[in-house]
Structure formats: structure tokens, C-alpha cells
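Student: Input model.cif, format and content: mmCIF, C-alpha atoms.
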```cif
data_query
loop_
_atom_site.label_atom_id
_atom_site.label_comp_id
_atom_site.auth_asym_id
_atom_site.auth_seq_id
_atom_site.Cartn_x
_atom_site.Cartn_y
_atom_site.Cartn_z
CA MET A 30 63.54 105.32 74.76
CA LYS A 31 64.97 102.36 76.68
CA ALA A 32 66.76 103.16 79.94
CA LEU A 33 68.06 101.38 83.03
CA VAL A 34 65.74 102.43 85.85
CA LYS A 35 65.96 101.99 89.62
CA PHE A 36 62.19 101.77 90.00
CA ALA A 37 61.85 101.33 93.77
CA ALA A 38 63.92 101.36 96.94
CA GLY A 39 65.29 98.05 98.19
CA ASN A 40 67.79 95.48 96.98
CA GLY A 41 67.55 95.03 93.23
CA ASN A 42 64.46 96.73 91.81
CA MET A 43 66.30 97.76 88.64
CA GLU A 44 65.37 96.97 85.05
CA ILE A 45 65.28 98.26 81.48
CA ARG A 46 62.11 100.30 80.99
CA ASP A 47 60.55 102.51 78.33
CA VAL A 48 60.79 106.12 79.50
CA PRO A 49 60.00 109.40 77.72
CA GLU A 50 62.87 110.91 75.75
CA PRO A 51 63.89 114.09 77.63
CA SER A 52 63.92 117.64 76.28
CA ALA A 53 66.27 120.43 77.31
CA GLY A 54 64.59 122.99 79.54
CA PRO A 55 65.77 126.54 80.27
CA GLY A 56 69.48 126.58 81.11
CA GLN A 57 69.86 122.94 80.08
CA VAL A 58 71.32 120.92 77.22
CA LYS A 59 70.34 117.53 75.84
CA ILE A 60 73.19 115.12 75.21
CA SER A 61 73.32 112.10 72.93
CA VAL A 62 75.17 109.61 75.13
CA GLU A 63 78.07 107.72 73.55
CA LYS A 64 79.08 105.39 76.41
CA THR A 65 78.35 105.20 80.14
CA GLY A 66 80.63 103.63 82.75
CA ILE A 67 79.53 101.38 85.60
CA CYS A 68 80.58 102.90 88.93
CA GLY A 69 80.84 101.15 92.28
CA SER A 70 78.13 103.49 93.49
CA ASP A 71 75.80 102.10 90.78
CA LEU A 72 76.11 98.76 92.55
CA HIS A 73 75.33 100.49 95.85
CA ILE A 74 72.24 102.03 94.21
CA PHE A 75 71.27 98.56 92.97
CA HIS A 76 71.61 97.16 96.50
CA SER A 77 70.12 100.29 98.14
CA ASP A 78 73.04 100.63 100.56
CA ILE A 79 74.33 104.09 99.64
CA ALA A 80 74.04 107.20 101.81
CA ILE A 81 73.68 109.65 98.89
CA PRO A 82 69.97 110.45 98.33
CA VAL A 83 68.28 108.35 95.62
CA ARG A 84 64.79 109.15 94.30
CA PRO A 85 63.24 106.22 92.44
CA PRO A 86 61.99 105.78 89.84
CA VAL A 87 65.14 107.25 88.31
CA VAL A 88 67.30 106.47 85.29
CA THR A 89 70.70 105.50 86.70
CA GLY A 90 74.23 106.11 85.38
CA HIS A 91 76.47 109.15 85.77
CA GLU A 92 79.87 108.40 84.17
CA PHE A 93 79.41 109.35 80.52
CA ALA A 94 80.44 111.38 77.51
CA GLY A 95 78.46 112.45 74.49
CA THR A 96 77.48 115.08 71.96
CA ILE A 97 75.10 118.00 72.44
CA CYS A 98 71.92 117.42 70.43
CA GLY A 99 69.56 119.96 72.02
CA ILE A 100 69.92 123.38 73.63
CA GLY A 101 67.43 124.94 76.00
CA GLU A 102 66.35 128.54 76.32
CA GLY A 103 68.95 130.94 77.72
CA VAL A 104 71.98 128.71 77.02
CA SER A 105 74.92 130.39 75.30
CA GLY A 106 78.44 129.29 74.46
CA TRP A 107 77.44 125.79 73.34
CA SER A 108 76.46 124.41 69.95
CA ILE A 109 74.82 121.30 68.55
CA GLY A 110 77.57 118.74 67.94
CA ASP A 111 79.89 119.87 70.74
CA ARG A 112 81.57 116.91 72.45
CA VAL A 113 81.14 117.17 76.21
CA VAL A 114 81.23 115.57 79.62
CA SER A 115 79.10 116.66 82.55
CA GLU A 116 79.57 116.96 86.28
CA THR A 117 77.15 114.92 88.35
CA ALA A 118 76.12 117.59 90.89
CA PHE A 119 72.91 118.39 89.02
CA SER A 120 71.73 120.85 91.66
CA PHE A 121 72.97 122.34 94.95
CA CYS A 122 71.89 125.24 97.13
CA GLY A 123 74.70 127.69 96.28
CA ALA A 124 74.33 129.41 99.66
CA CYS A 125 75.78 127.09 102.31
CA PRO A 126 79.40 127.49 103.47
CA ALA A 127 80.54 124.53 101.36
CA CYS A 128 78.96 125.96 98.21
CA ARG A 129 80.31 129.44 98.82
CA GLU A 130 83.82 128.02 99.14
CA GLY A 131 83.51 126.06 95.89
CA TYR A 132 83.01 122.68 97.58
CA TYR A 133 79.48 122.13 96.33
CA ASN A 134 80.25 118.41 96.34
CA LEU A 135 79.60 118.67 100.10
CA CYS A 136 76.37 120.69 99.89
CA PRO A 137 73.70 119.01 102.05
CA GLU A 138 71.16 119.91 99.34
CA ARG A 139 73.23 118.46 96.48
CA ARG A 140 71.16 116.24 94.21
CA THR A 141 72.99 113.97 91.84
CA LEU A 142 72.59 112.85 88.24
CA GLY A 143 71.65 109.19 88.10
CA TYR A 144 70.54 109.22 91.74
CA TRP A 145 67.95 111.97 92.02
CA TYR A 146 67.73 113.19 88.43
CA ASP A 147 67.54 110.90 85.40
CA GLY A 148 71.01 109.80 84.37
CA ALA A 149 72.98 108.38 81.46
CA PHE A 150 72.17 104.66 81.24
CA ALA A 151 69.99 105.85 78.37
CA PRO A 152 70.49 107.16 74.81
CA PHE A 153 69.81 110.75 75.89
CA VAL A 154 70.29 112.74 79.08
CA VAL A 155 69.56 116.35 80.05
CA VAL A 156 71.94 118.32 82.29
CA PRO A 157 72.43 121.95 83.32
CA ALA A 158 74.68 123.75 80.84
CA ALA A 159 76.67 125.09 83.79
CA ARG A 160 77.94 121.56 84.56
CA LEU A 161 79.43 120.95 81.11
CA HIS A 162 83.09 120.60 80.18
CA ARG A 163 84.26 120.67 76.59
CA LEU A 164 86.37 117.75 75.40
CA PRO A 165 89.81 118.48 73.95
CA ALA A 166 90.15 117.21 70.39
CA GLY A 167 92.59 114.44 71.32
CA ILE A 168 90.26 112.67 73.78
CA THR A 169 87.84 110.12 72.34
CA LEU A 170 84.27 109.90 73.59
CA GLU A 171 84.88 106.39 74.89
CA ASP A 172 87.92 107.50 76.92
CA ALA A 173 86.02 110.58 78.08
CA ALA A 174 83.39 108.36 79.72
CA LEU A 175 86.01 107.89 82.46
CA THR A 176 86.37 111.63 83.15
CA GLU A 177 83.96 111.52 86.10
CA PRO A 178 85.76 108.85 88.16
CA LEU A 179 89.11 110.39 87.25
CA ALA A 180 87.82 113.80 88.38
CA CYS A 181 86.87 112.27 91.74
CA ILE A 182 90.44 111.00 92.04
CA ALA A 183 91.77 114.44 91.07
CA HIS A 184 89.73 116.00 93.88
CA ALA A 185 91.16 113.49 96.35
CA LEU A 186 94.75 114.04 95.21
CA PHE A 187 94.86 117.74 94.30
CA ASP A 188 92.50 119.19 96.91
CA LEU A 189 92.87 116.83 99.87
CA THR A 190 96.32 115.24 99.66
CA THR A 191 99.76 116.84 99.43
CA ILE A 192 102.02 114.75 97.17
CA ALA A 193 105.58 115.86 96.46
CA PRO A 194 108.08 114.39 93.97
CA ALA A 195 109.69 111.17 95.27
CA ASP A 196 107.00 110.65 97.92
CA LEU A 197 106.26 107.00 98.58
CA VAL A 198 102.59 106.26 97.85
CA LEU A 199 100.66 103.09 98.57
CA VAL A 200 97.57 102.60 96.39
CA SER A 201 95.29 100.02 97.99
CA GLY A 202 92.94 98.39 95.49
CA PRO A 203 93.93 98.15 91.80
CA GLY A 204 90.53 98.64 90.22
CA SER A 205 89.96 101.43 87.71
CA VAL A 206 89.92 104.00 90.54
CA GLY A 207 93.15 102.66 92.01
CA LEU A 208 94.84 102.61 88.61
CA GLY A 209 93.67 106.16 88.01
CA ALA A 210 95.07 107.19 91.41
CA LEU A 211 98.33 105.47 90.51
CA GLN A 212 98.62 107.55 87.35
CA MET A 213 97.81 110.82 89.08
CA ALA A 214 100.30 110.10 91.87
CA ARG A 215 102.93 109.35 89.21
CA ALA A 216 102.05 112.65 87.54
CA HIS A 217 103.10 114.28 90.85
CA GLY A 218 106.45 112.49 90.63
CA ALA A 219 105.63 109.95 93.36
CA ARG A 220 106.98 106.41 93.61
CA VAL A 221 104.02 104.06 93.84
CA LEU A 222 103.41 100.64 95.37
CA VAL A 223 100.05 99.05 94.46
CA ALA A 224 98.42 96.43 96.70
CA GLY A 225 95.72 93.95 95.76
CA THR A 226 94.60 90.38 96.30
CA ARG A 227 95.16 87.19 94.34
CA GLN A 228 91.91 87.92 92.52
CA ASP A 229 93.47 91.18 91.30
CA ALA A 230 96.35 89.51 89.43
CA PRO A 231 95.47 90.98 85.98
CA ARG A 232 94.92 94.40 87.55
CA LEU A 233 98.26 94.29 89.35
CA LYS A 234 99.92 93.44 86.05
CA ALA A 235 98.18 96.45 84.50
CA ALA A 236 99.48 98.60 87.37
CA LEU A 237 103.07 97.80 86.42
CA GLY A 238 102.34 98.88 82.86
CA LEU A 239 100.93 102.18 84.13
CA GLY A 240 103.96 103.14 86.20
CA ALA A 241 103.77 101.29 89.50
CA GLU A 242 107.28 100.61 90.76
CA ARG A 243 106.14 97.52 92.63
CA THR A 244 102.99 95.54 93.35
CA VAL A 245 102.10 93.24 96.23
CA THR A 246 99.52 90.46 96.43
CA VAL A 247 98.51 90.75 100.07
CA ASP A 248 97.14 87.21 100.45
CA GLU A 249 100.46 85.80 99.24
CA GLU A 250 102.97 88.29 100.71
CA PRO A 251 102.59 90.35 103.90
CA LEU A 252 102.00 93.98 103.02
CA ALA A 253 104.17 95.06 105.95
CA GLU A 254 107.18 93.25 104.48
CA ALA A 255 106.63 94.76 101.03
CA VAL A 256 106.34 98.24 102.56
CA ARG A 257 109.47 97.70 104.64
CA GLU A 258 111.42 96.68 101.54
CA PHE A 259 109.96 99.45 99.35
CA SER A 260 110.52 102.22 101.91
CA GLY A 261 113.78 101.05 103.42
CA GLY A 262 111.96 100.61 106.72
CA ALA A 263 110.71 104.21 106.89
CA GLY A 264 107.07 103.54 105.98
CA MET A 265 104.95 105.11 103.26
CA ASP A 266 104.38 108.84 103.03
CA ILE A 267 100.84 108.51 101.69
CA VAL A 268 98.12 105.87 101.43
CA LEU A 269 95.38 106.22 98.81
CA GLU A 270 92.73 103.68 99.86
CA CYS A 271 90.64 102.78 96.82
CA SER A 272 89.28 99.34 97.70
CA GLY A 273 86.60 100.22 100.25
CA SER A 274 87.81 97.46 102.58
CA GLY A 275 88.08 97.84 106.35
CA ALA A 276 90.99 95.41 106.43
CA ALA A 277 92.78 97.54 103.83
CA VAL A 278 92.33 100.61 106.02
CA ASP A 279 93.96 98.88 109.01
CA ALA A 280 96.81 97.61 106.82
CA GLY A 281 97.26 101.04 105.25
CA LEU A 282 97.47 102.79 108.61
CA GLN A 283 100.12 100.29 109.68
CA ALA A 284 102.03 100.99 106.45
CA LEU A 285 102.28 104.74 107.02
CA ARG A 286 105.22 106.54 108.54
CA ARG A 287 104.66 108.89 111.44
CA ARG A 288 102.88 112.06 110.29
CA GLY A 289 101.93 110.38 107.02
CA GLN A 290 98.75 111.03 105.05
CA PHE A 291 95.80 108.68 104.53
CA THR A 292 93.11 109.51 101.97
CA GLN A 293 89.99 107.32 101.78
CA ILE A 294 88.63 107.25 98.22
CA GLY A 295 86.78 103.91 98.04
CA LEU A 296 83.31 103.64 99.59
CA PHE A 297 82.54 100.79 102.00
CA GLY A 298 78.76 100.61 101.55
CA LYS A 299 78.45 99.67 105.22
CA ALA A 300 79.88 100.42 108.65
CA VAL A 301 83.34 98.93 109.17
CA SER A 302 85.50 98.38 112.24
CA VAL A 303 88.86 100.15 112.00
CA ASN A 304 91.61 100.72 114.57
CA LEU A 305 91.98 104.49 114.52
CA GLU A 306 94.37 104.69 117.48
CA LEU A 307 97.25 104.74 115.03
CA VAL A 308 95.91 108.05 113.72
CA CYS A 309 96.69 109.47 117.16
CA TYR A 310 99.87 107.56 117.94
CA ARG A 311 101.46 108.45 114.61
CA GLU A 312 99.75 111.83 114.09
CA ILE A 313 98.43 110.65 110.77
CA ARG A 314 96.46 113.11 108.65
CA TYR A 315 93.34 111.12 107.78
CA THR A 316 90.74 112.40 105.35
CA GLY A 317 87.88 111.15 103.25
CA SER A 318 86.99 112.24 99.73
CA LEU A 319 83.58 112.66 98.12
CA GLY A 320 82.91 113.39 94.47
CA SER A 321 84.50 116.26 92.61
CA ARG A 322 84.22 119.95 91.82
CA HIS A 323 84.76 122.17 88.78
CA SER A 324 88.53 122.42 89.05
CA SER A 325 88.84 118.63 89.37
CA TRP A 326 87.34 118.19 85.90
CA GLU A 327 89.56 120.80 84.28
CA LYS A 328 92.70 119.27 85.79
CA THR A 329 91.62 115.79 84.76
CA LEU A 330 90.97 116.77 81.15
CA ALA A 331 94.36 118.52 81.02
CA LEU A 332 96.10 115.39 82.34
CA MET A 333 94.24 113.20 79.85
CA GLU A 334 95.05 115.53 76.97
CA SER A 335 98.75 115.55 77.89
CA GLY A 336 98.88 111.76 78.16
CA ALA A 337 99.93 111.83 81.81
CA VAL A 338 96.71 109.97 82.64
CA ARG A 339 95.51 107.34 80.18
CA ALA A 340 91.91 106.18 80.27
CA ARG A 341 92.04 103.56 77.51
CA PRO A 342 94.06 100.97 79.49
CA LEU A 343 91.37 101.13 82.20
CA ILE A 344 88.56 100.08 79.83
CA SER A 345 88.25 96.31 79.76
CA ASP A 346 84.73 95.78 78.37
CA ILE A 347 82.09 97.57 76.32
CA MET A 348 78.72 95.84 76.57
CA PRO A 349 75.17 96.58 75.38
CA LEU A 350 72.90 98.32 77.85
CA GLY A 351 70.62 95.32 77.45
CA ASN A 352 73.30 93.18 79.10
CA TRP A 353 73.49 95.44 82.15
CA ALA A 354 72.77 92.63 84.65
CA ALA A 355 75.68 90.54 83.36
CA ALA A 356 77.89 93.63 83.35
CA PHE A 357 76.95 94.48 86.96
CA GLU A 358 77.69 90.90 88.00
CA LYS A 359 81.05 90.99 86.22
CA PHE A 360 81.89 94.28 87.96
CA GLU A 361 80.86 92.93 91.37
CA LYS A 362 83.07 89.88 90.87
CA LYS A 363 86.02 92.16 90.05
CA GLU A 364 86.34 90.71 86.58
CA GLY A 365 87.99 93.19 84.24
CA LEU A 366 88.48 96.88 84.98
CA LYS A 367 86.14 99.64 83.86
CA LEU A 368 83.02 98.34 82.12
CA LEU A 369 81.21 100.67 79.74
CA LEU A 370 77.62 100.22 78.59
CA ASP A 371 76.45 101.26 75.13
CA PRO A 372 73.07 102.90 75.75
CA ARG A 373 71.92 102.44 72.16
CA ALA A 374 72.38 98.68 72.21
CA VAL A 375 69.38 97.16 73.99
#
```
Rewrite the structure of this file - the entire thing - as C-alpha cells.
Tutor:
Amino acid sequence: MKALVKFAAGNGNMEIRDVPEPSAGPGQVKISVEKTGICGSDLHIFHSDIAIPVRPPVVTGHEFAGTICGIGEGVSGWSIGDRVVSETAFSFCGACPACREGYYNLCPERRTLGYWYDGAFAPFVVVPAARLHRLPAGITLEDAALTEPLACIAHALFDLTTIAPADLVLVSGPGSVGLGALQMARAHGARVLVAGTRQDAPRLKAALGLGAERTVTVDEEPLAEAVREFSGGAGMDIVLECSGSGAAVDAGLQALRRRGQFTQIGLFGKAVSVNLELVCYREIRYTGSLGSRHSSWEKTLALMESGAVRARPLISDIMPLGNWAAAFEKFEKKEGLKLLLDPRAV
């Protein structure tokens, strides 16, 4: 089968290659992949600037949905034809403190689908049955391809951030992750301000359609003034930083009220210089977020099924896997929102 392979470490070193079609081993299922989303971390894998372990040659891609087409020995509770999504933590130790507390996303031995094990930029992928989640009937396979990034947002918001009704939330970065965070914050009853740049104009417009009360284009209007107006001078209760920009971190810290919360969701891909003194002076609760865990997926699917979180408005393009290079370039230029690749179109 044709698959998108990171064949060696270093910048680039990715291409479509012929690889053997996988078979489900004991405890595993084989999935026919419907669509696979391009994640910011796929770009980091392409550029070899990500801290999560990567083991080339490896088939990339981890945001996907599909249908079970093979079942390995010892698997029960699943049938051929079941529509599913899969967590990306392919393996973890199960014994470290993080694993024992249910935070296997932080296991130092975690190995990830599309990084260490062959992923879903391919027509078929094999995953442990224990990582599967069944799709509710009302969620399409295309929409379900966004479950993984939405589950990462759910982990950040449900496990790491305390949002109460009427809290003032600043979402920094209106990409698909930021627009997902906007929807989940709205599901908590928050009032949301979304910040982006002039380049984000279509995304900021989309934010208004998804429930943002106000948007601000930071290279045309000072964020501090927009925050002052939005909050009545009190400052924001919470910042959800989704852009992975050091400048956005500094601006977000300035936007927070004393004893506010700051949750870093976007990855930088490099070391950045940030003024953290405000964390002390304002007693800000500052946390990072990495990946997701089982409960994040269940909450996400429930929110999608209820309509509180809509995936379809986040999908801007569906392109053939054979056009992956153009799709990656489009993503890197911040053109469109979530780009899906069709693994059967090469």
C-alpha cells in the first residue's frame, strides 16, 4: 500500500512509499482509514524539531477515523464494520506514577502512533483494541477525524483548567485547535475573546460564527485595549494559548487578572523567551498540556454528539494523500483550517 513515510531523521526526509499492508496481531485491530488530519506536530516531525520520540522509517499521521476491517487474536467486544477512532498512545509502561494515576499521556515510556509506530497517512492502520472508542451514530467519519485534536483540547480544559460559567476566556490563535478550544470554553458557559493576526482574518470570522463574543486582530488593534474593553478593566480570568508563539504568551500573561489561569496548548517547536515574572507578581496558575487520556475522548465524543462542539466548520480542505506536500505547505502558511488527507487517493 502507499503511505506517507518519515524515512530518516532530519529536516524533510518524508515521501510516499510502498509499504506492506499491516495485519492485526494479538490484542489489535486493523482499521480501514477514512480520512486523516494534518496536525501541527506532523509539521514538527517533517522538520525534525519535536521532542516526542520519533523512530524512522515510520508511517506518519495520527488524527483519523475509520472502520474495523480486521480483528486480532484475543480481541472481544468489537466487530468488523464498527466505526471507530483511536487514541495515539500506542504503548506505555503502565507502572510509573503517571500511568497509575491515569495520566499515561505523561509516561516517559509512551510511544505514539505516527511517531514510533506506523500511523494513519495510509489506507490501513493497526492499533491496540484497548485504545479504541466507538463512534456515536450521529458523527460522520470525516468529522470524527478531528476527535484526536479535540480530545487534546478536552484534556487541557477539563483536566488542567477550571472554567466556570461567565468566566472571561482569551483564546490566542484561531486555528482549528483554537476554534475547538473556543467551543469547549463556550460549552462551560464562558464568554470568549479570540485573538489572531491579520493573516487569520478568515479564521477570526469563523470564530464569531462559533460563539466568540469578540475577536481582535493584534497587528491592527492592541490586545491590551481589547482586553480592557472586554473585561471592563478587570483582565481575563483564563488564557488558552493555542498559537505556539512566544509573543502570544507574553501578551496573554499581560491580559490576565491577578490569580488568573494560563494554559499552554500550542507547541512552540523551539525554545522561546518569555517574561515569567508576571506569573509571580500576579500569582498566575500556569500549566502546560500534552496529549489526551481516555476520559478526554469520551467527553469529546459526547460534546460532538450533543452538538456543543462542531467539527465540520473546522474542516476547510480534503486533499488526496498524493498531494501531501502541497497540503503541508498550505497548513504551514496558515491557509484554511483543518486539512484532511484521503489516504486512498494517491
Student: Show which residues sit within 8 Å of segment 200-204 of chain A, as a list in words. Count only C-alpha atoms, and ignore same-chain residues fewer than 4 positions away.
Tutor: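 Neighbouring residues, sequence-local ones excluded: Leu208, Ala210, Leu211, Val221, Leu222, Val223, Ala224, Gly225, Asp229, Arg232, Leu233, Ala236, Val268, Leu269, Glu270, Cys271, Ser272, Ala277, Gly281, Lys363, Leu366 and Lys367 of chain A.
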Student: I need the residue set behind the PyMOL selection byres ((chain A and resi 372) around 8) for this file; please write it as a list in words.
Tutor: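 Selection result, ordered by chain and number: Ala32, Val62, Glu63, Lys64, Thr65, Ala149, Phe150, Ala151, Pro152, Pro349, Leu350, Leu370, Asp371, Arg373, Ala374 and Val375 of chain A.
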Student: Which residue, A:Tyr310, A:Phe75, A:Trp107, A:Phe297, has the smallest gap to Arg163 of chain A when you use all atoms listed in the file?
Tutor: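 Using all atoms listed in the file, Arg163 of chain A sits closest to A:Trp107.
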Student: Run the PyMOL selection byres ((chain A and resi 89) around 6) against the file shown and list the residues it catches, as a PyMOL selection string.
Tutor: chain A and resi 34+88+90+143+148+150
Student: Using all atoms listed in the file, which of the listed residues (A:Asp111, A:Glu258, A:Glu171, A:Asp188) sits closest to Arg341 of chain A?
Tutor: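 Answer, going by the shortest atom-to-atom distance: A:Glu171.
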Student: Would you list the residues near (101.3, 108.8, 98.3), meaning any protein, DNA or RNA residue with an atom at most 10 Å from that point in file coordinates, counting all atoms listed in the file, as number ranges by chain?
Tutor: A: 186, 190-200, 210-211, 214-215, 217-222, 265-269, 285, 289-292
Student: Counting only C-alpha atoms, select every polymer residue within 9 Å of (80.2, 114.1, 102.7) as defined in the file's coordinates, and provide the selection as a list of chain:residue names.
Tutor: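 Protein and nucleic acid residues near the point are A:Ile81, A:Asn134, A:Leu135, A:Cys136, A:Pro137, A:Gly317, A:Ser318, A:Leu319, A:Gly320.
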Student: For C-alpha atoms, I'd like the residues from the last selection saved as a CSV table (one decimal), in the coordinates of the input.
Tutor:
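Listing of result.csv after writing:
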```csv
chain,number,residue,atom,x,y,z
A,81,ILE,CA,73.7,109.6,98.9
A,134,ASN,CA,80.2,118.4,96.3
A,135,LEU,CA,79.6,118.7,100.1
A,136,CYS,CA,76.4,120.7,99.9
A,137,PRO,CA,73.7,119.0,102.0
A,317,GLY,CA,87.9,111.2,103.2
A,318,SER,CA,87.0,112.2,99.7
A,319,LEU,CA,83.6,112.7,98.1
A,320,GLY,CA,82.9,113.4,94.5
```
Student: So what do you get for atom CA of Val83 of chain A versus atom CA of Arg139 of chain A, distance-wise?
Tutor: 11.3 Å
Student: Using only C-alpha atoms, which of the listed residues (A:Ala280, A:Met43, A:Ala173, A:Leu189) sits closest to Ser77 of chain A?
Tutor: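 Ranked by minimum distance to Ser77 of chain A, first place goes to A:Met43.
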Student: Given 5 Å of margin on each side, can you work out the centre and size in Å (one decimal) of an axis-aligned box holding every listed atom of segment 300-308 of chain A, as AutoDock Vina command-line options?
Tutor:
```
--center_x 88.6 --center_y 103.2 --center_z 113.1 --size_x 27.4 --size_y 19.7 --size_z 18.8
```
Student: Using all atoms listed in the file, pick whichever of A:Leu282, A:Ile100, A:Ala185, A:Ile67 has the shortest atom-to-atom distance to Met348 of chain A.
Tutor: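 Smallest separation from Met348 of chain A among the options: A:Ile67.
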Student: How far is it from atom CA of Val87 of chain A to atom CA of Trp145 of chain A, in Å with one decimal?
Tutor: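 Spanning atom CA of Val87 of chain A to atom CA of Trp145 of chain A is a straight-line distance of 6.6 Å.
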Student: Which is closer to Cys125 of chain A than all the others in A:Asp71, A:Asp78, A:Glu92, A:Glu138, using only C-alpha atoms?
Tutor: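 Closest residue, counting only C-alpha atoms: A:Glu138.
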Student: Take the PyMOL selection byres ((chain A and resi 239) around 10), run it mentally on this structure, and tell me the resulting residues as an MDAnalysis selection string.
Tutor: chainID A and resid 208:209 211:212 215 233:238 240:242 337:339 342:343
Student: Using all atoms listed in the file for the distances, tell me which of A:Ala331, A:Ala354, A:Val114, A:Cys122 is nearest to Pro178 of chain A.
Tutor: A:Val114
Student: Please measure the separation of atom CA of Ser345 of chain A and atom CA of Leu175 of chain A, giving the value in Å to one decimal.
Tutor: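 The value is 12.1 Å.
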Student: Can you pull out every residue within 10 Å of Arg286 of chain A, counting all atoms listed in the file, but drop anything in the same chain fewer than 5 positions away, and send it as a PyMOL selection string?
Tutor: chain A and resi 260+262-267+311-313
Student: For the selection just defined, write its residues with C-alpha atoms to a file, as a compact mmCIF listing (two decimals), in the frame of the given file.
Tutor:
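Result file is selection.txt:
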```txt
# COMPACT_ATOMS: atom_id res chain seq x y z
CA SER A 260 110.52 102.22 101.91
CA GLY A 262 111.96 100.61 106.72
CA ALA A 263 110.71 104.21 106.89
CA GLY A 264 107.07 103.54 105.98
CA MET A 265 104.95 105.11 103.26
CA ASP A 266 104.38 108.84 103.03
CA ILE A 267 100.84 108.51 101.69
CA ARG A 311 101.46 108.45 114.61
CA GLU A 312 99.75 111.83 114.09
CA ILE A 313 98.43 110.65 110.77
```
